[in-house]
>>> print(open('start.tsv').read())   # TSV, C-alpha atoms
chain	number	residue	atom	x	y	z
A	1	MET	CA	8.55	1.61	0.65
A	2	LYS	CA	10.80	1.03	3.57
A	3	ASP	CA	9.68	-0.97	6.54
A	4	SER	CA	10.35	0.10	10.04
A	5	GLN	CA	9.74	-2.18	12.96
A	6	MET	CA	6.55	-1.31	14.80
A	7	ASP	CA	5.84	-2.26	18.36
A	8	THR	CA	5.58	-6.00	18.40
A	9	GLY	CA	4.30	-6.01	21.93
A	10	PRO	CA	5.05	-8.57	24.53
A	11	LEU	CA	7.11	-11.42	23.16
A	12	LEU	CA	6.27	-14.94	24.08
A	13	PRO	CA	8.94	-16.69	26.07
A	14	ASP	CA	10.78	-19.63	24.52
A	15	GLY	CA	10.11	-18.50	20.95
A	16	LEU	CA	6.78	-20.28	21.30
A	17	PHE	CA	5.42	-18.64	18.17
A	18	ALA	CA	8.56	-18.87	16.11
A	19	GLY	CA	6.73	-20.95	13.53
A	20	LEU	CA	3.96	-18.39	13.17
A	21	THR	CA	6.08	-15.33	12.63
A	22	GLU	CA	7.16	-15.87	9.03
A	23	PRO	CA	4.65	-16.43	6.27
A	24	ALA	CA	5.78	-18.48	3.27
A	25	PRO	CA	7.88	-16.41	0.87
A	26	GLY	CA	5.72	-14.50	-1.58
A	27	THR	CA	2.54	-14.80	0.52
A	28	LEU	CA	2.27	-11.11	1.37
A	29	GLU	CA	3.08	-10.09	-2.21
A	30	ARG	CA	0.34	-12.38	-3.49
A	31	LEU	CA	-2.13	-11.03	-0.92
A	32	HIS	CA	-1.17	-7.48	-1.86
A	33	ASP	CA	-1.93	-8.15	-5.54
A	34	ARG	CA	-5.24	-9.73	-4.62
A	35	LEU	CA	-6.08	-6.70	-2.45
A	36	ALA	CA	-5.16	-4.27	-5.23
A	37	ALA	CA	-7.37	-6.12	-7.72
A	38	ALA	CA	-10.34	-6.32	-5.32
A	39	ALA	CA	-9.95	-2.68	-4.26
A	40	ALA	CA	-9.80	-1.55	-7.89
A	41	GLY	CA	-12.93	-3.59	-8.64
A	42	ARG	CA	-14.79	-1.87	-5.80
A	43	GLN	CA	-13.44	1.55	-6.77
A	44	LEU	CA	-11.74	2.02	-3.42
A	45	ILE	CA	-8.42	3.26	-4.80
A	46	ASP	CA	-8.23	7.02	-5.27
A	47	VAL	CA	-4.63	7.00	-6.49
A	48	SER	CA	-2.97	3.96	-8.10
A	49	TYR	CA	0.72	3.94	-8.79
A	50	ARG	CA	3.51	1.91	-10.26
A	51	THR	CA	7.12	2.49	-11.26
A	52	VAL	CA	8.77	1.96	-14.63
A	53	ASP	CA	12.41	1.91	-15.65
A	54	SER	CA	13.47	4.43	-18.27
A	55	PRO	CA	16.61	6.03	-19.74
A	56	LEU	CA	15.96	8.80	-17.19
A	57	GLY	CA	16.03	6.37	-14.30
A	58	ARG	CA	13.09	4.96	-12.45
A	59	LEU	CA	9.85	6.90	-12.97
A	60	LEU	CA	6.85	6.88	-10.67
A	61	LEU	CA	3.47	6.95	-12.45
A	62	ALA	CA	0.33	7.77	-10.48
A	63	ALA	CA	-3.26	7.92	-11.72
A	64	THR	CA	-6.69	8.82	-10.41
A	65	GLU	CA	-9.94	7.58	-11.90
A	66	ARG	CA	-9.78	10.55	-14.26
A	67	GLY	CA	-6.32	9.91	-15.61
A	68	LEU	CA	-2.57	10.17	-15.14
A	69	VAL	CA	-2.00	12.67	-12.36
A	70	ARG	CA	1.72	12.49	-11.62
A	71	VAL	CA	4.98	11.41	-13.21
A	72	ALA	CA	7.97	11.72	-10.91
A	73	PHE	CA	11.72	11.30	-11.28
A	74	ALA	CA	13.72	9.35	-8.72
A	75	LEU	CA	15.44	12.68	-7.98
A	76	GLU	CA	12.17	13.92	-6.49
A	77	ASP	CA	12.06	11.02	-3.95
A	78	HIS	CA	9.13	8.77	-4.75
A	79	ASP	CA	8.15	8.28	-1.10
A	80	ALA	CA	7.91	12.05	-0.66
A	81	VAL	CA	5.88	12.35	-3.87
A	82	LEU	CA	3.42	9.69	-2.67
A	83	GLN	CA	3.07	11.44	0.69
A	84	ALA	CA	2.34	14.70	-1.13
A	85	LEU	CA	-0.34	12.92	-3.18
A	86	ALA	CA	-1.84	11.54	0.04
A	87	ASP	CA	-1.94	15.05	1.49
A	88	LYS	CA	-3.28	16.82	-1.60
A	89	LEU	CA	-5.59	14.21	-3.14
A	90	SER	CA	-6.36	11.24	-0.89
A	91	PRO	CA	-4.51	8.76	1.34
A	92	ARG	CA	-6.31	5.88	-0.40
A	93	ILE	CA	-3.20	5.10	-2.40
A	94	LEU	CA	-2.17	1.62	-3.50
A	95	GLU	CA	0.47	0.20	-5.78
A	96	ALA	CA	-1.85	-1.14	-8.48
A	97	PRO	CA	-0.08	-1.42	-11.80
A	98	SER	CA	-3.03	-2.38	-14.01
A	99	ARG	CA	-4.59	1.09	-14.18
A	100	LEU	CA	-1.21	2.33	-15.45
A	101	ASP	CA	-0.41	-0.35	-17.99
A	102	ASN	CA	-1.39	1.87	-20.90
A	103	ALA	CA	0.68	4.85	-19.77
A	104	ALA	CA	3.65	2.58	-19.05
A	105	ARG	CA	3.45	1.03	-22.52
A	106	GLN	CA	3.25	4.43	-24.22
A	107	LEU	CA	6.25	5.70	-22.27
A	108	GLU	CA	8.20	2.63	-23.31
A	109	GLU	CA	7.32	3.30	-26.95
A	110	TYR	CA	8.26	6.96	-26.55
A	111	PHE	CA	11.69	6.11	-25.17
A	112	ALA	CA	12.15	3.55	-27.94
A	113	GLY	CA	11.53	6.34	-30.46
A	114	THR	CA	8.38	4.78	-31.90
A	115	ARG	CA	5.86	7.17	-30.30
A	116	ARG	CA	5.71	10.94	-30.80
A	117	SER	CA	2.67	11.89	-28.75
A	118	PHE	CA	0.86	10.48	-25.74
A	119	GLU	CA	-2.75	9.37	-25.83
A	120	VAL	CA	-3.60	8.90	-22.19
A	121	PRO	CA	-6.23	10.76	-20.19
A	122	LEU	CA	-4.60	13.35	-17.94
A	123	ASP	CA	-5.78	14.64	-14.57
A	124	PHE	CA	-4.51	18.17	-13.91
A	125	ALA	CA	-5.87	18.18	-10.35
A	126	LEU	CA	-2.48	19.27	-9.00
A	127	SER	CA	-2.29	22.47	-11.07
A	128	ARG	CA	-4.39	25.61	-11.23
A	129	GLY	CA	-4.51	29.11	-12.67
A	130	PHE	CA	-1.76	30.33	-14.95
A	131	ARG	CA	0.37	27.23	-14.37
A	132	LEU	CA	-2.49	25.13	-15.67
A	133	SER	CA	-2.77	27.33	-18.79
A	134	VAL	CA	0.94	26.80	-19.40
A	135	LEU	CA	0.68	23.01	-19.00
A	136	GLU	CA	-2.30	22.91	-21.34
A	137	HIS	CA	-0.28	24.68	-23.99
A	138	LEU	CA	2.81	22.46	-23.79
A	139	PRO	CA	1.40	19.43	-25.69
A	140	HIS	CA	0.95	21.77	-28.67
A	141	ILE	CA	4.73	22.10	-29.01
A	142	ALA	CA	5.49	19.50	-31.63
A	143	TYR	CA	7.74	16.53	-30.99
A	144	GLY	CA	11.32	17.43	-31.90
A	145	SER	CA	10.80	21.19	-31.73
A	146	THR	CA	11.20	23.70	-28.91
A	147	GLU	CA	9.75	27.01	-27.78
A	148	SER	CA	11.26	29.70	-25.60
A	149	TYR	CA	9.83	30.60	-22.19
A	150	ALA	CA	8.70	33.90	-23.80
A	151	ASP	CA	6.90	32.05	-26.62
A	152	VAL	CA	5.04	29.94	-24.09
A	153	ALA	CA	4.13	33.02	-22.00
A	154	LYS	CA	2.59	34.58	-25.08
A	155	ALA	CA	0.73	31.39	-26.02
A	156	ALA	CA	-0.63	31.01	-22.49
A	157	GLY	CA	-2.05	34.52	-22.67
A	158	SER	CA	0.38	36.51	-20.49
A	159	PRO	CA	3.34	37.65	-22.61
A	160	LYS	CA	5.07	39.27	-19.62
A	161	ALA	CA	4.85	36.19	-17.39
A	162	VAL	CA	8.10	34.63	-18.59
A	163	ARG	CA	9.28	33.78	-15.08
A	164	ALA	CA	5.91	32.29	-14.21
A	165	VAL	CA	6.31	30.00	-17.21
A	166	GLY	CA	9.63	28.90	-15.73
A	167	SER	CA	8.02	28.05	-12.42
A	168	ALA	CA	5.07	26.32	-14.12
A	169	CYS	CA	7.56	24.08	-15.94
A	170	ALA	CA	9.60	23.52	-12.79
A	171	ASN	CA	6.42	22.35	-11.04
A	172	ASN	CA	5.01	20.31	-13.89
A	173	PRO	CA	3.37	17.29	-12.20
A	174	LEU	CA	3.45	15.35	-15.48
A	175	PRO	CA	6.97	15.70	-16.92
A	176	VAL	CA	7.84	13.84	-20.13
A	177	VAL	CA	4.13	13.27	-20.93
A	178	VAL	CA	3.42	17.01	-20.76
A	179	PRO	CA	6.58	18.11	-22.56
A	180	CYS	CA	8.04	20.92	-20.47
A	181	HIS	CA	11.42	19.69	-21.71
A	182	ARG	CA	10.56	21.37	-25.05
A	183	VAL	CA	10.72	24.79	-23.40
A	184	VAL	CA	14.24	26.27	-23.60
A	185	ARG	CA	15.89	29.64	-23.13
A	186	SER	CA	15.67	32.28	-25.89
A	187	ASP	CA	19.43	31.91	-26.50
A	188	GLY	CA	18.93	28.21	-27.22
A	189	SER	CA	20.46	26.92	-23.99
A	190	PHE	CA	18.42	24.27	-22.19
A	191	GLY	CA	17.43	26.01	-19.00
A	192	GLY	CA	16.54	24.11	-15.87
A	193	TYR	CA	14.65	20.83	-15.57
A	194	LEU	CA	13.09	19.13	-12.59
A	195	GLY	CA	14.60	15.81	-13.63
A	196	GLY	CA	18.04	17.42	-13.81
A	197	PRO	CA	19.80	18.98	-16.85
A	198	GLU	CA	21.03	15.61	-18.09
A	199	ALA	CA	17.44	14.29	-18.32
A	200	LYS	CA	16.43	17.30	-20.41
A	201	ARG	CA	19.41	16.76	-22.70
A	202	ILE	CA	18.52	13.07	-23.16
A	203	LEU	CA	14.90	13.90	-24.04
A	204	LEU	CA	15.79	16.62	-26.56
A	205	ALA	CA	18.44	14.37	-28.12
A	206	LEU	CA	15.92	11.51	-28.35
A	207	GLU	CA	13.43	13.75	-30.14
A	208	ALA	CA	16.07	15.22	-32.44
A	209	ALA	CA	17.12	11.76	-33.65
B	1	MET	CA	2.03	16.07	6.87
B	2	GLY	CA	-1.10	13.95	6.96
B	3	LYS	CA	-1.65	10.24	7.01
B	4	PRO	CA	0.76	8.07	5.04
B	5	PRO	CA	-0.38	6.50	1.76
B	6	PHE	CA	-2.41	3.35	2.46
B	7	GLU	CA	0.23	1.30	0.67
B	8	ARG	CA	2.49	2.04	3.61
B	9	VAL	CA	-0.11	0.75	6.06
B	10	VAL	CA	-0.17	-2.53	4.15
B	11	SER	CA	3.61	-2.83	4.05
B	12	LEU	CA	4.02	-1.98	7.75
B	13	HIS	CA	1.20	-4.09	9.18
B	14	GLY	CA	0.39	-6.74	6.58
B	15	ALA	CA	2.55	-9.41	8.21
B	16	VAL	CA	1.18	-8.91	11.72
B	17	VAL	CA	-2.43	-8.96	10.52
B	18	LEU	CA	-1.77	-12.18	8.62
B	19	ARG	CA	-0.24	-13.78	11.72
B	20	VAL	CA	-3.26	-12.81	13.79
B	21	CYS	CA	-5.68	-14.12	11.16
B	22	ARG	CA	-3.83	-17.45	10.99
B	23	ALA	CA	-3.83	-17.85	14.75
B	24	VAL	CA	-7.51	-17.05	15.07
B	25	LEU	CA	-8.88	-18.78	11.98
B	26	GLY	CA	-6.24	-21.21	10.76
B	27	ALA	CA	-4.25	-21.00	7.57
B	28	HIS	CA	-7.16	-21.92	5.32
B	29	ASP	CA	-9.41	-18.94	6.08
B	30	ALA	CA	-6.68	-16.52	7.12
B	31	GLU	CA	-6.10	-15.12	3.64
B	32	ASP	CA	-9.78	-14.29	3.13
B	33	ALA	CA	-9.84	-12.56	6.50
B	34	TRP	CA	-6.67	-10.63	5.64
B	35	SER	CA	-8.13	-9.43	2.34
B	36	GLU	CA	-11.45	-8.42	3.85
B	37	THR	CA	-9.67	-6.62	6.68
B	38	PHE	CA	-7.53	-4.47	4.38
B	39	LEU	CA	-10.43	-3.76	1.99
B	40	SER	CA	-12.51	-2.49	4.91
B	41	ALA	CA	-9.57	-0.54	6.26
B	42	LEU	CA	-8.91	1.07	2.87
B	43	LYS	CA	-12.53	2.16	2.66
B	44	ALA	CA	-12.52	3.73	6.12
B	45	TYR	CA	-8.93	5.04	6.03
B	46	PRO	CA	-9.67	8.70	5.13
B	47	GLU	CA	-11.88	8.99	8.25
B	48	LEU	CA	-9.34	7.40	10.61
B	49	PRO	CA	-8.07	10.04	13.07
B	50	ALA	CA	-4.46	10.99	12.32
B	51	ASP	CA	-3.30	9.99	15.81
B	52	ALA	CA	-5.05	6.59	15.83
B	53	LYS	CA	-3.08	3.45	16.63
B	54	VAL	CA	-3.18	1.87	13.21
B	55	GLN	CA	-2.20	-1.66	14.22
B	56	ALA	CA	-4.83	-1.88	16.95
B	57	TRP	CA	-7.40	-0.49	14.52
B	58	LEU	CA	-6.51	-3.17	11.96
B	59	VAL	CA	-6.70	-5.95	14.56
B	60	THR	CA	-10.14	-4.74	15.59
B	61	ILE	CA	-11.28	-4.98	11.97
B	62	ALA	CA	-9.63	-8.40	11.58
B	63	HIS	CA	-11.46	-9.63	14.69
B	64	ARG	CA	-14.82	-8.68	13.16
B	65	LYS	CA	-13.93	-10.14	9.78
B	66	ALA	CA	-12.90	-13.42	11.41
B	67	ILE	CA	-16.30	-13.62	13.10
B	68	ASP	CA	-18.02	-12.87	9.77
B	69	ILE	CA	-16.10	-15.65	8.07
B	70	VAL	CA	-16.84	-18.19	10.77
B	71	ARG	CA	-20.53	-17.27	10.63
B	72	ALA	CA	-20.61	-17.60	6.88
B	73	ARG	CA	-18.94	-21.01	7.14
B	74	GLN	CA	-21.22	-22.25	9.85
B	75	ARG	CA	-24.48	-21.20	8.20
B	76	GLN	CA	-26.37	-21.47	11.46
B	77	ALA	CA	-26.14	-18.57	13.88
B	78	LEU	CA	-23.42	-18.63	16.49
B	79	PRO	CA	-23.09	-16.34	19.46
B	80	MET	CA	-21.45	-13.14	18.24
B	81	ASP	CA	-17.97	-13.76	19.51
B	82	GLU	CA	-17.67	-17.51	19.48
B	83	LEU	CA	-15.21	-19.33	17.28
B	84	PRO	CA	-15.56	-23.08	16.98
B	85	PRO	CA	-12.69	-25.38	17.80
B	86	ARG	CA	-10.98	-26.41	14.62
B	87	GLU	CA	-11.53	-30.04	13.80
B	88	SER	CA	-8.95	-30.49	11.07
B	89	PRO	CA	-6.29	-27.86	11.31
B	90	LEU	CA	-4.34	-27.22	8.14
B	91	GLY	CA	-0.67	-26.54	8.04
B	92	ILE	CA	0.97	-23.29	7.07
B	93	PRO	CA	1.55	-23.54	3.33
B	94	GLY	CA	5.17	-23.58	2.43
B	95	GLY	CA	6.85	-23.17	5.75
B	96	GLY	CA	6.84	-22.50	9.42
B	97	HIS	CA	5.86	-25.03	12.04
B	98	PRO	CA	2.37	-26.28	11.26
B	99	GLU	CA	2.27	-27.94	14.64
B	100	VAL	CA	2.40	-24.56	16.37
B	101	LEU	CA	-0.56	-23.41	14.37
B	102	ASP	CA	-2.30	-26.71	15.10
B	103	ALA	CA	-1.69	-26.23	18.79
B	104	VAL	CA	-3.11	-22.71	18.64
B	105	GLY	CA	-6.11	-24.08	16.81
B	106	GLN	CA	-6.81	-26.55	19.61
B	107	LEU	CA	-7.18	-23.77	22.17
B	108	PRO	CA	-10.66	-22.69	23.21
B	109	PRO	CA	-11.70	-19.67	21.08
B	110	LYS	CA	-11.30	-17.02	23.80
B	111	GLN	CA	-7.80	-18.23	24.63
B	112	ARG	CA	-6.87	-18.38	20.96
B	113	GLN	CA	-8.06	-14.81	20.43
B	114	ALA	CA	-6.43	-13.50	23.60
B	115	VAL	CA	-3.10	-15.07	22.64
B	116	ALA	CA	-3.32	-13.74	19.07
B	117	TYR	CA	-4.36	-10.20	19.94
B	118	HIS	CA	-2.08	-9.77	22.93
B	119	TYR	CA	1.01	-11.75	22.03
B	120	LEU	CA	1.01	-11.58	18.24
B	121	ALA	CA	-0.47	-8.11	17.68
B	122	GLY	CA	0.76	-6.45	20.86
B	123	LEU	CA	-2.64	-5.18	22.01
B	124	PRO	CA	-2.79	-4.36	25.71
B	125	TYR	CA	-5.18	-6.62	27.65
B	126	LYS	CA	-7.50	-3.64	28.15
B	127	ASP	CA	-8.07	-3.51	24.37
B	128	VAL	CA	-8.29	-7.30	24.14
B	129	SER	CA	-10.97	-7.31	26.82
B	130	GLU	CA	-13.03	-4.77	24.85
B	131	LEU	CA	-12.78	-6.85	21.69
B	132	LEU	CA	-13.79	-10.04	23.46
B	133	GLY	CA	-16.44	-8.40	25.63
B	134	VAL	CA	-14.92	-9.67	28.86
B	135	THR	CA	-13.25	-8.03	31.84
B	136	PRO	CA	-9.55	-7.17	31.59
B	137	GLU	CA	-8.85	-9.82	34.24
B	138	ALA	CA	-10.66	-12.45	32.20
B	139	ALA	CA	-8.73	-11.42	29.08
B	140	ARG	CA	-5.45	-11.64	30.96
B	141	ARG	CA	-6.38	-15.06	32.33
B	142	ALA	CA	-7.38	-16.30	28.87
B	143	GLY	CA	-4.02	-15.18	27.48
B	144	ALA	CA	-2.04	-16.76	30.29
B	145	ASP	CA	-4.05	-20.02	30.17
B	146	GLY	CA	-3.61	-20.09	26.40
B	147	VAL	CA	0.14	-19.81	26.63
B	148	LYS	CA	0.27	-22.45	29.33
B	149	ALA	CA	-1.86	-24.84	27.28
B	150	LEU	CA	0.22	-24.19	24.19
B	151	ARG	CA	3.42	-24.94	26.00
B	152	ALA	CA	1.94	-28.15	27.39
B	153	ALA	CA	0.63	-29.23	23.99
B	154	LEU	CA	3.95	-28.61	22.33
B	155	ALA	CA	5.87	-30.37	25.08
B	156	GLU	CA	3.83	-33.53	24.47
B	157	THR	CA	5.13	-33.78	20.94
B	158	PRO	CA	8.83	-33.03	21.16
B	159	ARG	CA	10.32	-31.50	18.08
B	160	PRO	CA	13.35	-29.54	17.05
B	161	ALA	CA	13.67	-25.80	16.60
B	162	LEU	CA	10.90	-24.51	18.79
B	163	LYS	CA	13.40	-22.23	20.39
B	164	GLY	CA	14.66	-19.10	18.76
B	165	THR	CA	14.09	-18.17	15.17
B	166	SER	CA	12.55	-20.52	12.70
B	167	ARG	CA	14.79	-20.01	9.71
>>> encode(input="start.tsv", output="structure tokens")
Amino acid sequence: MKDSQMDTGPLLPDGLFAGLTEPAPGTLERLHDRLAAAAAGRQLIDVSYRTVDSPLGRLLLAATERGLVRVAFALEDHDAVLQALADKLSPRILEAPSRLDNAARQLEEYFAGTRRSFEVPLDFALSRGFRLSVLEHLPHIAYGSTESYADVAKAAGSPKAVRAVGSACANNPLPVVVPCHRVVRSDGSFGGYLGGPEAKRILLALEAA
Amino acid sequence: MGKPPFERVVSLHGAVVLRVCRAVLGAHDAEDAWSETFLSALKAYPELPADAKVQAWLVTIAHRKAIDIVRARQRQALPMDELPPRESPLGIPGGGHPEVLDAVGQLPPKQRQAVAYHYLAGLPYKDVSELLGVTPEAARRAGADGVKALRAALAETPRPALKGTSR
């Protein structure tokens, strides 16, 4: 996250505190890690997050106590995504990688082609109603295959809600892990993707290999 | 838009809180105080009013945590807001000017706190006076006396690079 200078208040004349202003390099990082570990131990973190590098660019992973709650592409602006999580879930958000180690490892295996399904607890707290029904269906689309928006509408119990399937996919809070990229147009063209069309192409090509 | 993620509070204010903790407690106990301050703040963060001054709020918590730590170290009860003079000040690990920290540590507790809260954390003397339980005039005097004493102490031991930036 970017720093902006806050009010530093009255400055001492003569640089009297020059020696106090800079902690040793790495001190704040070390204190941050210690804080994250202690806060996790006392169950004070409502949303933990970390980032991972992937063939689709940097991904943000966020989890609640219940499970993975958000995967976000860089395109979505990670700072904005974290602010939205603060607004919708809780502002008790800390970068605390350990809770996400498992999800990060599985994603790495997936992108390496050695994993075909994810076994991480998911928290669908950000989705409700028909969109939730759509998201719950998506993991049933097998690795390497696709369904049309109309197929998914039927499977989710509202055959006429083809457009609503499109918006459910476009608002999928857990892309890649919940495979909305496996939903394509009836004519076989890819359709839109919240990570951009190139990301969808990469994922379908990976799974076709 | 509501409050920012707590991570942002840590990244924006972590350095200032550490500076205050070092000035008040010395380098040795400062990191414990910093950790306890941010743990407490994280716990209370959802209830913090959206328009609160976050830095002043954190300094208030740090002030209480510093007192807790001193009490725990001392075993025997001290008056609520008294910090002992530091007998063997430790340097800042890895950098900075330990002698500045030493000099701060030699100040009487009220002066040390007034200098830290006003000059390092930017709290107005009105807020400092509430934290220390003294009148605003007394807080202002403690800050001014502290700076004067610091300057005198540092002038006794001449050294390079006390002017301007340290690196």
>>> closest_residue(input="start.tsv", among="A:Pro91, A:Gly41, A:Gly67, A:Pro97", to="chain B", atoms="only C-alpha atoms")
A:Pro91
>>> atom_distance(input="start.tsv", atom1="atom CA of Ala72 of chain B", atom2="atom CA of Asp29 of chain B")
11.3 Å
>>> residues_around(input="start.tsv", residues="Gly196 of chain A", least_positions_apart="3", cutoff="12 Å", atoms="all atoms listed in the file", output="list in words")
Leu56, Gly57, Ala72, Phe73, Ala74, Leu75, Glu76, Ala170, Pro175, His181, Phe190, Gly191, Gly192, Tyr193, Ala199, Lys200, Arg201, Ile202 and Leu203 of chain A
>>> residues_around(input="start.tsv", residues="His140 of chain A", least_positions_apart="6", cutoff="12 Å", atoms="only C-alpha atoms", output="number ranges by chain")
A: 117-118, 133-134, 146-147, 152, 155-156, 177-180, 182-183
>>> residues_around(input="start.tsv", residues="Leu25 of chain B", least_positions_apart="3", cutoff="9 Å", atoms="all atoms listed in the file", output="list in words")
Val20, Cys21, Arg22, His28, Asp29, Ala30, Ala33, Ala66, Ile69, Val70, Leu83, Arg86 and Gly105 of chain B
>>> closest_residue(input="start.tsv", among="B:Ala121, B:Leu131, B:Ala138, B:Ala103", to="chain A", atoms="all atoms listed in the file")
B:Ala121
>>> atom_distance(input="start.tsv", atom1="atom CA of Ala209 of chain A", atom2="atom CA of Ala142 of chain A")
14.1 Å
>>> atom_distance(input="start.tsv", atom1="atom CA of Leu123 of chain B", atom2="atom CA of Pro46 of chain B")
23.0 Å
